[in-house]
file model.tsv (TSV, C-alpha atoms)
chain	number	residue	atom	x	y	z
M	17	MET	CA	78.67	-27.08	-27.08
M	18	PRO	CA	79.75	-28.00	-23.53
M	19	ASN	CA	77.96	-30.87	-21.80
M	20	LYS	CA	74.57	-30.19	-20.27
M	21	ALA	CA	75.75	-30.15	-16.66
M	22	VAL	CA	78.41	-27.53	-17.43
M	23	GLU	CA	75.93	-25.40	-19.35
M	24	LEU	CA	73.41	-25.54	-16.51
M	25	GLY	CA	76.14	-24.47	-14.09
M	26	TYR	CA	76.99	-21.48	-16.25
M	27	ARG	CA	73.34	-20.46	-16.55
M	28	ALA	CA	72.84	-20.73	-12.79
M	29	TYR	CA	75.86	-18.47	-12.23
M	30	GLN	CA	74.48	-15.90	-14.70
M	31	LYS	CA	71.05	-15.90	-13.07
M	32	THR	CA	72.60	-15.42	-9.63
M	33	PHE	CA	74.57	-12.45	-10.91
M	34	MET	CA	71.48	-11.02	-12.57
M	35	VAL	CA	69.59	-11.14	-9.27
M	36	ALA	CA	72.53	-9.56	-7.42
M	37	GLU	CA	72.56	-6.66	-9.89
M	38	TYR	CA	69.25	-5.41	-8.54
M	39	PHE	CA	71.14	-4.29	-5.46
M	40	PHE	CA	73.72	-2.25	-7.42
M	41	ASP	CA	73.58	1.51	-7.90
M	42	TRP	CA	72.38	2.03	-11.49
M	43	SER	CA	71.97	5.81	-11.33
M	44	GLU	CA	72.89	7.38	-14.64
M	45	PRO	CA	75.79	9.83	-15.00
M	46	GLU	CA	74.96	13.52	-14.80
M	47	LEU	CA	75.26	14.70	-18.42
M	48	LEU	CA	76.47	17.82	-20.18
M	49	LYS	CA	75.34	17.55	-23.82
M	50	GLY	CA	75.61	19.38	-27.11
M	51	PRO	CA	78.17	21.36	-29.11
M	52	GLY	CA	80.61	23.15	-26.81
M	53	ALA	CA	79.45	21.25	-23.73
M	54	VAL	CA	83.04	20.56	-22.62
M	55	LYS	CA	83.47	24.27	-21.84
M	56	LYS	CA	80.84	23.92	-19.10
M	57	LEU	CA	82.74	21.15	-17.34
M	58	PRO	CA	85.08	23.33	-15.22
M	59	SER	CA	82.11	25.12	-13.67
M	60	LEU	CA	80.55	21.76	-12.80
M	61	ILE	CA	83.84	20.61	-11.25
M	62	LYS	CA	84.11	23.85	-9.26
M	63	SER	CA	80.57	23.39	-7.96
M	64	LYS	CA	81.67	20.08	-6.42
M	65	GLY	CA	84.31	21.84	-4.33
M	66	ILE	CA	87.24	20.50	-6.37
M	67	SER	CA	90.27	22.72	-6.99
M	68	SER	CA	92.78	20.29	-8.54
M	69	VAL	CA	92.28	17.53	-11.12
M	70	LEU	CA	94.28	14.94	-13.01
M	71	VAL	CA	93.53	14.93	-16.75
M	72	VAL	CA	94.14	11.50	-18.29
M	73	THR	CA	94.48	11.52	-22.08
M	74	ASP	CA	96.91	10.50	-24.83
M	75	LYS	CA	99.64	12.23	-26.82
M	76	GLY	CA	97.63	12.11	-30.04
M	77	LEU	CA	94.84	14.24	-28.61
M	78	MET	CA	97.34	16.58	-26.98
M	79	GLY	CA	99.08	17.01	-30.34
M	80	LEU	CA	95.79	17.90	-32.01
M	81	HIS	CA	95.12	20.55	-29.31
M	82	ILE	CA	91.64	19.17	-28.73
M	83	LEU	CA	91.96	19.81	-24.99
M	84	ASP	CA	92.91	23.48	-25.35
M	85	SER	CA	89.41	24.85	-24.77
M	86	LEU	CA	89.07	22.72	-21.64
M	87	PHE	CA	92.42	23.92	-20.32
M	88	GLU	CA	91.45	27.55	-20.93
M	89	LYS	CA	88.22	27.15	-18.97
M	90	LEU	CA	90.01	25.31	-16.15
M	91	ASP	CA	92.43	28.26	-15.90
M	92	GLU	CA	89.55	30.75	-15.91
M	93	THR	CA	87.83	28.80	-13.14
M	94	ASN	CA	91.05	28.61	-11.08
M	95	ILE	CA	91.17	24.84	-11.16
M	96	LYS	CA	94.68	23.44	-11.13
M	97	TYR	CA	95.22	20.59	-13.57
M	98	THR	CA	97.94	18.00	-14.07
M	99	VAL	CA	98.09	16.14	-17.38
M	100	TYR	CA	98.96	12.48	-17.84
M	101	ASP	CA	99.16	11.85	-21.60
M	102	GLY	CA	101.10	8.58	-21.64
M	103	VAL	CA	98.12	6.29	-22.23
M	104	GLN	CA	98.78	3.61	-24.85
M	105	PRO	CA	96.12	2.27	-27.26
M	106	ASN	CA	95.74	-0.75	-24.97
M	107	PRO	CA	96.37	0.82	-21.54
M	108	SER	CA	98.87	-1.09	-19.47
M	109	ILE	CA	99.33	-1.60	-15.77
M	110	GLU	CA	102.38	0.67	-16.07
M	111	ASN	CA	100.19	3.46	-17.52
M	112	ILE	CA	97.77	3.09	-14.64
M	113	GLU	CA	100.50	3.27	-12.01
M	114	GLU	CA	102.11	6.31	-13.66
M	115	ALA	CA	98.77	8.14	-13.63
M	116	ARG	CA	98.17	7.18	-10.00
M	117	ARG	CA	101.57	8.53	-8.96
M	118	LEU	CA	100.91	11.86	-10.71
M	119	TYR	CA	97.53	12.15	-8.99
M	120	LEU	CA	99.06	11.68	-5.56
M	121	LYS	CA	102.16	13.79	-6.21
M	122	ASN	CA	100.09	16.81	-7.28
M	123	GLY	CA	97.42	16.61	-4.61
M	124	CYS	CA	94.60	16.05	-7.08
M	125	GLU	CA	91.02	15.78	-5.87
M	126	GLY	CA	89.31	14.44	-8.98
M	127	ILE	CA	89.94	12.91	-12.40
M	128	ILE	CA	88.98	13.97	-15.93
M	129	ALA	CA	89.18	11.11	-18.42
M	130	PHE	CA	89.46	12.69	-21.87
M	131	GLY	CA	89.58	10.58	-25.01
M	132	GLY	CA	88.52	7.21	-26.30
M	133	GLY	CA	88.25	3.93	-24.44
M	134	SER	CA	91.95	3.74	-23.58
M	135	PRO	CA	92.19	6.98	-21.55
M	136	MET	CA	88.84	6.10	-19.95
M	137	ASP	CA	90.02	2.65	-18.90
M	138	CYS	CA	93.35	3.95	-17.66
M	139	ALA	CA	91.71	6.74	-15.66
M	140	LYS	CA	89.15	4.40	-14.08
M	141	ALA	CA	91.80	1.92	-12.99
M	142	ALA	CA	94.08	4.71	-11.74
M	143	GLY	CA	91.20	6.11	-9.71
M	144	ALA	CA	90.52	2.70	-8.28
M	145	ARG	CA	94.17	2.38	-7.28
M	146	VAL	CA	94.12	5.82	-5.62
M	147	ALA	CA	91.08	4.83	-3.58
M	148	ASN	CA	92.35	1.29	-2.87
M	149	PRO	CA	96.12	1.62	-2.45
M	150	ASN	CA	96.56	-1.90	-1.04
M	151	THR	CA	94.83	-3.63	-3.96
M	152	SER	CA	96.97	-4.14	-7.07
M	153	VAL	CA	95.52	-3.87	-10.57
M	154	SER	CA	95.85	-7.62	-11.06
M	155	LYS	CA	93.86	-8.26	-7.88
M	156	MET	CA	91.05	-6.05	-9.23
M	157	ARG	CA	90.61	-8.34	-12.20
M	158	GLY	CA	87.14	-9.78	-12.57
M	159	GLU	CA	83.99	-8.78	-10.73
M	160	LEU	CA	83.38	-6.68	-7.61
M	161	LYS	CA	86.96	-6.47	-6.37
M	162	ILE	CA	87.05	-2.70	-5.65
M	163	ARG	CA	86.33	-1.88	-2.00
M	164	LYS	CA	86.22	1.92	-1.89
M	165	LYS	CA	84.64	4.38	-4.33
M	166	LEU	CA	86.77	6.37	-6.76
M	167	PRO	CA	87.57	10.07	-6.46
M	168	PRO	CA	85.13	12.38	-8.33
M	169	PHE	CA	85.31	11.21	-11.95
M	170	PHE	CA	84.41	13.20	-15.06
M	171	ALA	CA	84.34	11.40	-18.42
M	172	VAL	CA	84.75	13.23	-21.73
M	173	PRO	CA	84.56	10.83	-24.71
M	174	THR	CA	86.13	11.92	-27.99
M	175	THR	CA	84.99	8.83	-29.88
M	176	ALA	CA	81.48	7.49	-30.32
M	177	GLY	CA	82.15	3.89	-29.51
M	178	THR	CA	83.21	2.58	-26.15
M	179	GLY	CA	80.42	3.98	-23.99
M	180	SER	CA	82.98	4.01	-21.18
M	181	GLU	CA	81.50	7.24	-19.85
M	182	THR	CA	78.64	5.18	-18.41
M	183	THR	CA	80.01	1.66	-17.90
M	184	LEU	CA	81.28	-0.21	-14.87
M	185	ALA	CA	84.18	-1.74	-16.80
M	186	ALA	CA	87.84	-0.97	-17.40
M	187	VAL	CA	90.00	-3.09	-19.69
M	188	VAL	CA	93.67	-3.50	-18.83
M	189	THR	CA	96.65	-5.04	-20.63
M	190	ASN	CA	99.44	-6.92	-18.88
M	191	MET	CA	102.45	-6.20	-21.10
M	192	GLN	CA	104.45	-9.06	-19.60
M	193	THR	CA	101.93	-11.79	-20.39
M	194	HIS	CA	100.23	-10.02	-23.36
M	195	GLU	CA	96.96	-10.65	-21.58
M	196	LYS	CA	94.04	-8.25	-21.78
M	197	TYR	CA	91.31	-8.47	-19.17
M	198	ALA	CA	88.40	-6.55	-17.66
M	199	ILE	CA	87.83	-5.07	-14.24
M	200	ASN	CA	84.08	-4.88	-13.54
M	201	ASP	CA	82.67	-3.01	-10.58
M	202	PRO	CA	79.86	-0.44	-10.16
M	203	LYS	CA	82.35	1.83	-8.40
M	204	LEU	CA	84.07	2.37	-11.76
M	205	ARG	CA	80.99	3.96	-13.27
M	206	PRO	CA	81.50	7.70	-13.87
M	207	LYS	CA	79.10	10.05	-12.09
M	208	PHE	CA	79.55	12.83	-14.67
M	209	ALA	CA	79.92	12.72	-18.46
M	210	VAL	CA	80.21	15.19	-21.34
M	211	LEU	CA	78.78	14.41	-24.79
M	212	ASP	CA	80.20	17.15	-27.02
M	213	PRO	CA	80.04	16.35	-30.76
M	214	GLU	CA	82.55	19.09	-31.57
M	215	LEU	CA	85.24	16.95	-29.96
M	216	THR	CA	84.62	14.17	-32.51
M	217	THR	CA	84.55	16.12	-35.78
M	218	GLY	CA	88.28	15.77	-36.36
M	219	LEU	CA	88.37	11.99	-36.01
M	220	PRO	CA	89.95	10.09	-38.89
M	221	GLN	CA	87.52	7.95	-40.88
M	222	LYS	CA	89.00	4.68	-39.66
M	223	ILE	CA	88.48	5.72	-36.03
M	224	THR	CA	84.94	6.88	-36.76
M	225	SER	CA	84.09	3.57	-38.40
M	226	THR	CA	85.67	1.17	-35.94
M	227	THR	CA	84.50	2.97	-32.80
M	228	GLY	CA	81.01	3.18	-34.27
M	229	MET	CA	81.00	-0.56	-34.91
M	230	ASP	CA	82.26	-1.03	-31.36
M	231	ALA	CA	79.12	0.74	-30.12
M	232	LEU	CA	76.97	-1.44	-32.37
M	233	THR	CA	78.65	-4.53	-30.93
M	234	HIS	CA	77.81	-3.36	-27.40
M	235	ALA	CA	74.16	-2.84	-28.31
M	236	VAL	CA	73.79	-6.15	-30.16
M	237	GLU	CA	75.59	-8.31	-27.60
M	238	ALA	CA	73.61	-6.75	-24.75
M	239	PHE	CA	70.32	-7.24	-26.62
M	240	ILE	CA	70.75	-10.86	-27.66
M	241	GLY	CA	72.15	-11.99	-24.29
M	242	LEU	CA	70.00	-13.61	-21.64
M	243	SER	CA	70.46	-11.03	-18.85
M	244	GLY	CA	68.74	-8.07	-20.47
M	245	THR	CA	66.12	-6.02	-18.66
M	246	LYS	CA	63.36	-3.82	-20.04
M	247	SER	CA	65.60	-0.77	-19.76
M	248	THR	CA	68.73	-2.37	-21.25
M	249	ASP	CA	66.72	-3.75	-24.17
M	250	ASP	CA	65.26	-0.29	-24.77
M	251	TYR	CA	68.70	1.32	-24.73
M	252	ALA	CA	70.05	-1.34	-27.10
M	253	ARG	CA	67.19	-0.81	-29.57
M	254	LYS	CA	67.68	2.95	-29.56
M	255	ALA	CA	71.44	2.62	-29.99
M	256	THR	CA	71.12	0.19	-32.89
M	257	LYS	CA	68.66	2.45	-34.73
M	258	LEU	CA	70.82	5.54	-34.23
M	259	ILE	CA	73.95	3.74	-35.44
M	260	PHE	CA	72.29	2.33	-38.56
M	261	ASP	CA	70.94	5.79	-39.38
M	262	ASN	CA	74.10	7.79	-38.72
M	263	ILE	CA	77.34	5.82	-38.87
M	264	GLU	CA	78.00	6.14	-42.60
M	265	THR	CA	77.07	9.83	-42.57
M	266	ALA	CA	79.53	10.43	-39.74
M	267	TYR	CA	82.12	8.39	-41.66
M	268	ASN	CA	81.65	10.20	-44.97
M	269	ASP	CA	80.99	13.68	-43.57
M	270	GLY	CA	83.02	14.11	-40.42
M	271	GLN	CA	81.84	17.70	-39.90
M	272	ASN	CA	78.18	16.73	-39.71
M	273	LEU	CA	77.41	17.69	-36.11
M	274	GLU	CA	73.97	16.07	-36.09
M	275	ALA	CA	75.37	12.69	-37.13
M	276	ARG	CA	78.27	13.08	-34.70
M	277	GLU	CA	75.96	13.89	-31.81
M	278	ASN	CA	73.63	11.02	-32.70
M	279	MET	CA	76.58	8.63	-32.68
M	280	LEU	CA	77.70	9.91	-29.26
M	281	VAL	CA	74.20	9.38	-27.90
M	282	ALA	CA	74.09	5.91	-29.49
M	283	SER	CA	77.40	5.01	-27.88
M	284	PHE	CA	76.09	6.23	-24.52
M	285	TYR	CA	72.88	4.20	-24.90
M	286	ALA	CA	74.85	1.10	-25.90
M	287	GLY	CA	77.04	1.59	-22.85
M	288	MET	CA	73.95	1.84	-20.68
M	289	ALA	CA	72.76	-1.45	-22.17
M	290	PHE	CA	75.88	-3.57	-21.86
M	291	THR	CA	77.10	-2.31	-18.50
M	292	ARG	CA	74.16	-4.16	-16.95
M	293	ALA	CA	73.30	-6.81	-19.57
M	294	TYR	CA	76.94	-7.66	-20.39
M	295	VAL	CA	78.59	-8.43	-23.70
M	296	GLY	CA	79.58	-11.80	-25.17
M	297	TYR	CA	82.14	-13.80	-27.10
M	298	VAL	CA	82.81	-11.01	-29.59
M	299	HIS	CA	84.44	-9.06	-26.79
M	300	ALA	CA	86.09	-12.09	-25.25
M	301	ILE	CA	87.89	-12.88	-28.52
M	302	ALA	CA	88.55	-9.21	-29.34
M	303	HIS	CA	90.27	-8.60	-26.01
M	304	ASN	CA	92.71	-11.38	-26.75
M	305	LEU	CA	93.52	-10.18	-30.25
M	306	GLY	CA	94.25	-6.84	-28.60
M	307	GLY	CA	96.44	-8.45	-25.96
M	308	ILE	CA	98.44	-10.65	-28.34
M	309	TYR	CA	98.58	-8.56	-31.52
M	310	GLY	CA	97.69	-5.06	-30.36
M	311	THR	CA	94.57	-5.05	-32.53
M	312	PRO	CA	92.50	-1.92	-31.81
M	313	HIS	CA	89.41	-2.95	-29.88
M	314	GLY	CA	86.80	-1.37	-32.15
M	315	LEU	CA	88.40	-2.87	-35.25
M	316	ALA	CA	88.51	-6.29	-33.63
M	317	ASN	CA	84.83	-6.12	-32.65
M	318	ALA	CA	83.79	-4.98	-36.12
M	319	VAL	CA	85.48	-7.93	-37.82
M	320	ILE	CA	84.49	-10.53	-35.23
M	321	LEU	CA	80.83	-9.55	-34.77
M	322	PRO	CA	79.28	-11.17	-37.88
M	323	HIS	CA	81.28	-14.38	-37.37
M	324	VAL	CA	80.05	-14.83	-33.79
M	325	LEU	CA	76.47	-13.95	-34.71
M	326	GLU	CA	76.57	-16.65	-37.38
M	327	TYR	CA	77.86	-19.11	-34.78
M	328	TYR	CA	74.87	-18.36	-32.51
M	329	GLY	CA	72.55	-19.34	-35.35
M	330	GLU	CA	68.92	-19.93	-34.46
M	331	THR	CA	69.49	-19.18	-30.77
M	332	ALA	CA	69.78	-15.49	-31.71
M	333	TYR	CA	67.35	-15.33	-34.64
M	334	LYS	CA	64.37	-13.91	-32.73
M	335	LYS	CA	66.32	-11.06	-31.14
M	336	LEU	CA	68.26	-10.26	-34.31
M	337	ALA	CA	65.00	-10.29	-36.27
M	338	GLU	CA	63.63	-7.68	-33.88
M	339	LEU	CA	66.65	-5.47	-34.50
M	340	ALA	CA	66.20	-6.00	-38.23
M	341	ASP	CA	62.62	-4.75	-37.95
M	342	ILE	CA	63.77	-1.67	-36.04
M	343	VAL	CA	66.31	-0.67	-38.70
M	344	GLY	CA	63.99	-1.45	-41.62
M	345	LEU	CA	65.41	-4.70	-42.97
M	346	LYS	CA	63.03	-7.13	-44.65
M	347	GLY	CA	62.50	-10.87	-44.38
M	348	ASP	CA	59.66	-13.40	-44.33
M	349	THR	CA	60.94	-15.27	-41.27
M	350	ASP	CA	63.03	-14.57	-38.19
M	351	ALA	CA	65.88	-16.51	-39.79
M	352	ALA	CA	65.70	-14.39	-42.95
M	353	LYS	CA	65.59	-11.14	-40.96
M	354	ALA	CA	68.47	-12.22	-38.73
M	355	THR	CA	70.52	-13.12	-41.80
M	356	ALA	CA	69.71	-9.74	-43.34
M	357	PHE	CA	70.88	-8.02	-40.16
M	358	ILE	CA	74.20	-9.88	-40.19
M	359	GLU	CA	74.67	-9.10	-43.88
M	360	ALA	CA	74.01	-5.42	-43.15
M	361	ILE	CA	76.84	-5.48	-40.61
M	362	LYS	CA	79.13	-6.99	-43.23
M	363	GLN	CA	78.06	-4.29	-45.68
M	364	PHE	CA	78.82	-1.53	-43.18
M	365	ASN	CA	82.30	-2.99	-42.77
M	366	LYS	CA	82.81	-3.17	-46.52
M	367	ASN	CA	81.54	0.36	-47.11
M	368	MET	CA	83.88	1.72	-44.43
M	369	ASN	CA	86.98	-0.22	-45.52
M	370	ILE	CA	86.99	-2.59	-42.54
M	371	PRO	CA	88.37	-6.05	-43.43
M	372	ASP	CA	86.26	-9.18	-43.14
M	373	HIS	CA	89.07	-11.35	-41.75
M	374	PHE	CA	92.31	-11.12	-39.77
M	375	ASP	CA	94.89	-13.18	-41.63
M	376	PHE	CA	97.59	-12.24	-39.10
M	377	ILE	CA	96.23	-14.72	-36.54
M	378	GLN	CA	98.85	-17.46	-36.20
M	379	ASP	CA	98.17	-21.15	-35.61
M	380	LYS	CA	100.48	-21.22	-32.60
M	381	ASP	CA	98.42	-18.50	-30.89
M	382	ILE	CA	94.97	-20.00	-31.41
M	383	PRO	CA	95.05	-22.27	-28.32
M	384	THR	CA	95.96	-19.26	-26.14
M	385	ILE	CA	93.26	-17.09	-27.72
M	386	VAL	CA	90.68	-19.81	-27.17
M	387	GLU	CA	91.71	-20.53	-23.58
M	388	ARG	CA	91.72	-16.87	-22.56
M	389	ALA	CA	88.49	-16.01	-24.43
M	390	LEU	CA	86.62	-18.84	-22.73
M	391	LYS	CA	88.11	-17.90	-19.37
M	392	GLU	CA	86.66	-14.42	-19.84
M	393	GLY	CA	83.34	-15.50	-21.31
M	394	ASN	CA	82.46	-18.54	-19.20
M	395	PRO	CA	80.55	-18.51	-16.94
M	396	LEU	CA	80.03	-14.71	-16.80
M	397	TYR	CA	78.67	-13.73	-20.22
M	398	PRO	CA	74.97	-14.62	-20.70
M	399	VAL	CA	75.36	-15.47	-24.39
M	400	PRO	CA	72.59	-17.13	-26.44
M	401	LYS	CA	74.73	-20.21	-27.06
M	402	ILE	CA	77.67	-21.32	-24.95
M	403	MET	CA	80.98	-22.18	-26.62
M	404	ASP	CA	83.38	-24.93	-25.72
M	405	LYS	CA	86.99	-25.12	-26.92
M	406	ALA	CA	86.13	-26.75	-30.24
M	407	ASP	CA	83.44	-24.15	-30.97
M	408	CYS	CA	85.72	-21.25	-30.11
M	409	GLU	CA	88.61	-22.62	-32.14
M	410	ALA	CA	86.35	-23.01	-35.18
M	411	VAL	CA	85.13	-19.43	-34.85
M	412	VAL	CA	88.66	-18.05	-34.45
M	413	LYS	CA	89.75	-19.91	-37.59
M	414	LYS	CA	86.82	-18.36	-39.49
M	415	ILE	CA	87.86	-14.94	-38.25
M	416	ARG	CA	91.35	-15.64	-39.56
M	417	GLY	CA	89.91	-16.67	-42.93
call {"tool": "encode", "arguments": {"input": "model.tsv", "output": "structure tokens"}}
result
Amino acid sequence: MPNKAVELGYRAYQKTFMVAEYFFDWSEPELLKGPGAVKKLPSLIKSKGISSVLVVTDKGLMGLHILDSLFEKLDETNIKYTVYDGVQPNPSIENIEEARRLYLKNGCEGIIAFGGGSPMDCAKAAGARVANPNTSVSKMRGELKIRKKLPPFFAVPTTAGTGSETTLAAVVTNMQTHEKYAINDPKLRPKFAVLDPELTTGLPQKITSTTGMDALTHAVEAFIGLSGTKSTDDYARKATKLIFDNIETAYNDGQNLEARENMLVASFYAGMAFTRAYVGYVHAIAHNLGGIYGTPHGLANAVILPHVLEYYGETAYKKLAELADIVGLKGDTDAAKATAFIEAIKQFNKNMNIPDHFDFIQDKDIPTIVERALKEGNPLYPVPKIMDKADCEAVVKKIRG
């Protein structure tokens, strides 16, 4: 634990930010929901007076032809579209600049982000660069650095995990420094989103599992943090219940549309929770495993989550016990219920072939991981228990195993 004066400083910063958030625009995205909903998107775009869009996605989704029905409807609606499919699993500044150049070159008037968290993050940052041409990506790092609002932005998630279709965050990787960091600003929050379970039925099991655990991490970190509101707590509870009830069904039966839709809704709810209540050290550490080793974000969160929850100990027992009650786990005390909840997370990971440790973490990298994780987490994240360097190093070593 840091000394008391440092901790009090962090808590004061978090409370100030929490007060400031009451002045932000928290209006929810306009939603298109249900099987086949993506086919309704071009009509919505047309109704906004837009005739040309940039579609940001990745080569994997293009190769699977998942966007074909969208393209057909865009053609039918006479909306011109330009495709940027160069997004990497951890989107880089180069990806963002390439997308921005395509947008400008083709006279686009709006952006469709189509895919998982990576296309979403890339599209958000590219939109921010279009609207703020004199502000580099690196200067947008952190909180409230975006001056002008993005072009009309339409988010179409194909994974039930990131919640990016409703969050104010974009995560960027600097390929030169191997550093992964967040840009946080209400202007990044999409105004329109599509939750179409048909787009997720072809996901491989490992993507279904890790993105689902990513959503669970969002819900849990938002719920146990100290900046939650009545609405964010409610969203986090609903998301946690939906994930516990549906994630293994979606994993084992990928064509189950009910489970797929429930997971998309859960991811959306979890996004609604954490975009205002924030995340915690699970994300701070995960971002740096992604930056240094290229570890997929959902996988990193899934493995790290139980280790960080165990570190929080009794400071998180009451909130974790409440989540345990919601999902039907038993225990005579808050400590017992919290432990049962953490064990359930470990069991999900085991059942879905997610490892419990990352043995690839190297000793020489641990100081960098710790330094960067704490730089991200402190003082911003309103975690139940604040880490210092020794705490974070001990947790990272447990994650390594």
call {"tool": "closest_residue", "arguments": {"input": "model.tsv", "among": "M:Cys408, M:Ala302, M:Ala266, M:Ala28", "to": "Thr217 in chain M", "atoms": "only C-alpha atoms"}}
result
M:Ala266
call {"tool": "closest_residue", "arguments": {"input": "model.tsv", "among": "M:Gln271, M:Ala300, M:Val22, M:Phe364", "to": "Ile259 in chain M", "atoms": "all atoms listed in the file"}}
result
M:Phe364
call {"tool": "residues_around", "arguments": {"input": "model.tsv", "residues": "Ala389 in chain M", "least_positions_apart": "4", "cutoff": "7 Å", "atoms": "all atoms listed in the file", "output": "ChimeraX atom specification"}}
result
/M:300-301,304,385,393
call {"tool": "write_last_selection", "arguments": {"input": "model.tsv", "atoms": "C-alpha atoms", "output": "compact mmCIF listing (two decimals), in the frame of the given file"}}
result
# COMPACT_ATOMS: atom_id res chain seq x y z
CA ALA M 300 86.09 -12.09 -25.25
CA ILE M 301 87.89 -12.88 -28.52
CA ASN M 304 92.71 -11.38 -26.75
CA ILE M 385 93.26 -17.09 -27.72
CA GLY M 393 83.34 -15.50 -21.31
call {"tool": "axis_aligned_box", "arguments": {"input": "model.tsv", "around": "range 181-188 of chain M", "padding_each_side": "3 Å", "output": "lines of an AutoDock Vina configuration file"}}
result
center_x = 86.2
center_y = 1.9
center_z = -17.4
size_x = 21.0
size_y = 16.7
size_z = 11.0
call {"tool": "closest_residue", "arguments": {"input": "model.tsv", "among": "M:Arg253, M:Lys401, M:Arg145, M:Lys362", "to": "Ala318 in chain M", "atoms": "only C-alpha atoms"}}
result
M:Lys362
call {"tool": "atom_distance", "arguments": {"input": "model.tsv", "atom1": "CA of Leu48 in chain M", "atom2": "CA of Asp91 in chain M"}}
result
19.5 Å
call {"tool": "closest_residue", "arguments": {"input": "model.tsv", "among": "M:Leu204, M:Ala255, M:Ile370, M:Ile66", "to": "Ile95 in chain M", "atoms": "all atoms listed in the file"}}
result
M:Ile66
call {"tool": "closest_residue", "arguments": {"input": "model.tsv", "among": "M:Pro400, M:Met229, M:His373, M:Ala176", "to": "Ala360 in chain M", "atoms": "only C-alpha atoms"}}
result
M:Met229
call {"tool": "atom_distance", "arguments": {"input": "model.tsv", "atom1": "CA of Pro135 in chain M", "atom2": "CA of Arg388 in chain M"}}
result
23.9 Å
call {"tool": "closest_residue", "arguments": {"input": "model.tsv", "among": "M:Tyr333, M:Phe169, M:Tyr197, M:Phe39", "to": "Gly306 in chain M", "atoms": "all atoms listed in the file"}}
result
M:Tyr197
call {"tool": "build_atoms", "arguments": {"input": "model.tsv", "residues": "range 255-269 of chain M", "atoms": "N, CA and C atoms", "output": "PDB file, in the coordinates of the input"}}
result
ATOM      1  N   ALA M 255      70.058   2.504 -29.505  1.00  0.00           N
ATOM      2  CA  ALA M 255      71.440   2.620 -29.990  1.00  0.00           C
ATOM      3  C   ALA M 255      71.582   2.030 -31.377  1.00  0.00           C
ATOM      4  N   THR M 256      71.014   0.851 -31.588  1.00  0.00           N
ATOM      5  CA  THR M 256      71.120   0.190 -32.890  1.00  0.00           C
ATOM      6  C   THR M 256      70.505   1.042 -33.989  1.00  0.00           C
ATOM      7  N   LYS M 257      69.330   1.598 -33.739  1.00  0.00           N
ATOM      8  CA  LYS M 257      68.660   2.450 -34.730  1.00  0.00           C
ATOM      9  C   LYS M 257      69.497   3.682 -35.049  1.00  0.00           C
ATOM     10  N   LEU M 258      69.998   4.339 -34.013  1.00  0.00           N
ATOM     11  CA  LEU M 258      70.820   5.540 -34.230  1.00  0.00           C
ATOM     12  C   LEU M 258      72.080   5.219 -35.030  1.00  0.00           C
ATOM     13  N   ILE M 259      72.714   4.103 -34.737  1.00  0.00           N
ATOM     14  CA  ILE M 259      73.950   3.740 -35.440  1.00  0.00           C
ATOM     15  C   ILE M 259      73.655   3.427 -36.903  1.00  0.00           C
ATOM     16  N   PHE M 260      72.633   2.633 -37.170  1.00  0.00           N
ATOM     17  CA  PHE M 260      72.290   2.330 -38.560  1.00  0.00           C
ATOM     18  C   PHE M 260      71.961   3.595 -39.345  1.00  0.00           C
ATOM     19  N   ASP M 261      71.347   4.563 -38.688  1.00  0.00           N
ATOM     20  CA  ASP M 261      70.940   5.790 -39.380  1.00  0.00           C
ATOM     21  C   ASP M 261      72.056   6.805 -39.559  1.00  0.00           C
ATOM     22  N   ASN M 262      73.119   6.697 -38.751  1.00  0.00           N
ATOM     23  CA  ASN M 262      74.100   7.790 -38.720  1.00  0.00           C
ATOM     24  C   ASN M 262      75.551   7.408 -38.967  1.00  0.00           C
ATOM     25  N   ILE M 263      75.911   6.148 -38.855  1.00  0.00           N
ATOM     26  CA  ILE M 263      77.340   5.820 -38.870  1.00  0.00           C
ATOM     27  C   ILE M 263      78.002   6.158 -40.200  1.00  0.00           C
ATOM     28  N   GLU M 264      77.354   5.861 -41.312  1.00  0.00           N
ATOM     29  CA  GLU M 264      78.000   6.140 -42.600  1.00  0.00           C
ATOM     30  C   GLU M 264      78.019   7.637 -42.900  1.00  0.00           C
ATOM     31  N   THR M 265      77.032   8.372 -42.418  1.00  0.00           N
ATOM     32  CA  THR M 265      77.070   9.830 -42.570  1.00  0.00           C
ATOM     33  C   THR M 265      78.238  10.408 -41.789  1.00  0.00           C
ATOM     34  N   ALA M 266      78.405   9.961 -40.548  1.00  0.00           N
ATOM     35  CA  ALA M 266      79.530  10.430 -39.740  1.00  0.00           C
ATOM     36  C   ALA M 266      80.859  10.055 -40.389  1.00  0.00           C
ATOM     37  N   TYR M 267      80.900   8.870 -40.997  1.00  0.00           N
ATOM     38  CA  TYR M 267      82.120   8.390 -41.660  1.00  0.00           C
ATOM     39  C   TYR M 267      82.439   9.227 -42.897  1.00  0.00           C
ATOM     40  N   ASN M 268      81.429   9.504 -43.706  1.00  0.00           N
ATOM     41  CA  ASN M 268      81.650  10.200 -44.970  1.00  0.00           C
ATOM     42  C   ASN M 268      81.683  11.710 -44.837  1.00  0.00           C
ATOM     43  N   ASP M 269      81.043  12.242 -43.794  1.00  0.00           N
ATOM     44  CA  ASP M 269      80.990  13.680 -43.570  1.00  0.00           C
ATOM     45  C   ASP M 269      81.308  13.959 -42.115  1.00  0.00           C
TER      46      ASP M 269
END
